[in-house]
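Enquirer: Below: one structure in structure tokens.
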Amino acid sequence: MNLKELKELIELIQQSGIEELELEKSGVKVRLKKARASVSRPSGAEEFPSAPPVPVEIQKTPSPIPAPAAVPAGWLTLTAPVVGTFYRSPAPDADPYAELGSVVKKGQILCVIEAMKLMNEIESEWDGKIVEILVENALPVEYGQPLFRIEPHTTA
């Protein structure tokens, strides 16, 4: 939603009988509500119609991030180091970098996150087995969002 659209909405609510309007567009939530102003005028004063100011509340709708589930002891969580779009493979027609149950080595590429037209390769931080893939392919991710759960291999 741009500034021009916001101004048009404010004008619309000021000129109409609408008391309150709430709109969500592209993850931005806008709520407009007419202020109730009581103005006392001296008797005989000429009244000019005026529109009361319209307070504007803008809230960014948070991305639905699942509530943290109990993670079994010893499992490690690889999180997104950047905000962007998560991809499991280097190209739409290519095989995924890693599958559920794959054994991975530290430094092995597990996915890419596209941020500002740059493809960031995300590598495993540990040797182990992928026990959970927490993000669907081609969905946006936030900084720090869990991507994979890895059961580390212990060397004895």
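Residue numbering restarts at 1 for every chain of the structure tokens, chains are lettered A, B, ... in their displayed order, and ligands are numbered from 1 as they appear.
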Residues within 6 Å of range 81-96 of chain A, please, as a list in words. Count only C-alpha atoms; anything in the same chain fewer than 4 positions from it doesn't count.

Expert: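 So the residues in contact are Cys111, Val112, Ile113, Glu114, Ala115, Asn137, Ala138, Leu139, Pro140, Val141, Glu142 and Tyr143 of chain A.
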
Enquirer: Residues at most 7 Å from Glu123 in chain A, counting only C-alpha atoms, excluding those fewer than 3 positions away in the same chain, as a list in words?

Expert: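 Residues near the query, excluding close chain neighbours: Gly107, Gln108, Ile109 and Leu110 of chain A.
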
Enquirer: Please produce an output containing C-alpha atoms for each residue in the selection, written as a JSON list (two decimals), in the first residue's frame.

Expert:
[["chain", "number", "residue", "atom", "x", "y", "z"],
["A", 107, "GLY", "CA", 30.00, -27.40, 5.29],
["A", 108, "GLN", "CA", 27.65, -29.30, 2.97],
["A", 109, "ILE", "CA", 25.06, -27.08, 1.25],
["A", 110, "LEU", "CA", 21.53, -27.81, 2.52]]

Enquirer: Glu151 in chain A: which residues within 6 Å, counting only C-alpha atoms, same-chain residues fewer than 3 positions away excluded, as a list of chain:residue names?

Expert: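 Final neighbour list, sorted by chain and number: A:Trp75, A:Gly128, A:Lys129.
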
Enquirer: Please write the residues from the selection above to a file, keeping all heavy atoms, as a JSON list (two decimals), in the first residue's frame.

Expert:
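Writing the result to result.json gives the following:
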[["chain", "number", "residue", "atom", "x", "y", "z"],
["A", 75, "TRP", "N", 19.35, -32.84, 19.47],
["A", 75, "TRP", "CA", 19.12, -32.36, 18.11],
["A", 75, "TRP", "C", 19.56, -30.91, 18.02],
["A", 75, "TRP", "O", 19.38, -30.12, 18.96],
["A", 75, "TRP", "CB", 17.64, -32.48, 17.72],
["A", 75, "TRP", "CG", 17.18, -33.87, 17.43],
["A", 75, "TRP", "CD1", 17.84, -35.04, 17.68],
["A", 75, "TRP", "CD2", 15.94, -34.24, 16.84],
["A", 75, "TRP", "NE1", 17.08, -36.12, 17.28],
["A", 75, "TRP", "CE2", 15.90, -35.65, 16.75],
["A", 75, "TRP", "CE3", 14.86, -33.52, 16.37],
["A", 75, "TRP", "CZ2", 14.83, -36.34, 16.22],
["A", 75, "TRP", "CZ3", 13.79, -34.21, 15.84],
["A", 75, "TRP", "CH2", 13.78, -35.62, 15.76],
["A", 128, "GLY", "N", 25.87, -34.91, 10.66],
["A", 128, "GLY", "CA", 24.71, -35.54, 11.27],
["A", 128, "GLY", "C", 23.69, -35.98, 10.24],
["A", 128, "GLY", "O", 23.97, -36.08, 9.04],
["A", 129, "LYS", "N", 22.49, -36.24, 10.75],
["A", 129, "LYS", "CA", 21.40, -36.70, 9.90],
["A", 129, "LYS", "C", 20.25, -35.70, 10.00],
["A", 129, "LYS", "O", 19.88, -35.25, 11.09],
["A", 129, "LYS", "CB", 20.92, -38.08, 10.38],
["A", 129, "LYS", "CG", 19.76, -38.64, 9.55],
["A", 129, "LYS", "CD", 19.46, -40.08, 9.89],
["A", 129, "LYS", "CE", 18.52, -40.14, 11.07],
["A", 129, "LYS", "NZ", 18.04, -41.49, 11.37]]

Enquirer: Using only C-alpha atoms for the distances, tell me which of A:Ala73, A:Ala80, A:Met116, A:Asp127 is nearest to Thr154 in chain A.

Expert: A:Asp127

Enquirer: Point out the residue among A:Leu147, A:Ile130, A:Leu12, A:Val30 with the least atom-to-atom distance to Ala98 in chain A, counting only C-alpha atoms.

Expert: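 Ranking A:Leu147, A:Ile130, A:Leu12, A:Val30 by distance to Ala98 in chain A, first place goes to A:Ile130.
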
Enquirer: Counting only C-alpha atoms, what is within 10 Å of Val71 in chain A, bar same-chain residues fewer than 5 positions away, as a compact mmCIF listing (two decimals) with all heavy atoms, in the first residue's frame?

Expert:
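Saved result, result_13.txt, follows:
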# COMPACT_ATOMS: atom_id res chain seq x y z
N LEU A 76 20.07 -30.55 16.89
CA LEU A 76 20.53 -29.18 16.65
C LEU A 76 19.64 -28.53 15.61
O LEU A 76 19.13 -29.20 14.72
CB LEU A 76 21.99 -29.21 16.17
CG LEU A 76 22.96 -29.92 17.12
CD1 LEU A 76 24.30 -30.14 16.44
CD2 LEU A 76 23.15 -29.12 18.39
N THR A 77 19.45 -27.23 15.74
CA THR A 77 18.57 -26.49 14.82
C THR A 77 19.40 -25.53 13.99
O THR A 77 20.09 -24.67 14.53
CB THR A 77 17.49 -25.72 15.60
OG1 THR A 77 16.76 -26.64 16.41
CG2 THR A 77 16.53 -25.01 14.65
N ARG A 149 16.36 -29.51 11.41
CA ARG A 149 16.81 -30.09 12.67
C ARG A 149 17.75 -31.24 12.27
O ARG A 149 17.44 -32.04 11.39
CB ARG A 149 15.65 -30.63 13.48
CG ARG A 149 14.71 -29.53 13.90
CD ARG A 149 14.39 -29.58 15.37
NE ARG A 149 13.17 -28.83 15.66
CZ ARG A 149 13.14 -27.53 15.93
NH1 ARG A 149 14.25 -26.84 15.94
NH2 ARG A 149 12.01 -26.93 16.18

Enquirer: Distance CA of Ala70 in chain A-CA of Glu132 in chain A, one decimal place?

Expert: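 We find that CA of Ala70 in chain A and CA of Glu132 in chain A lie 12.7 Å from each other.
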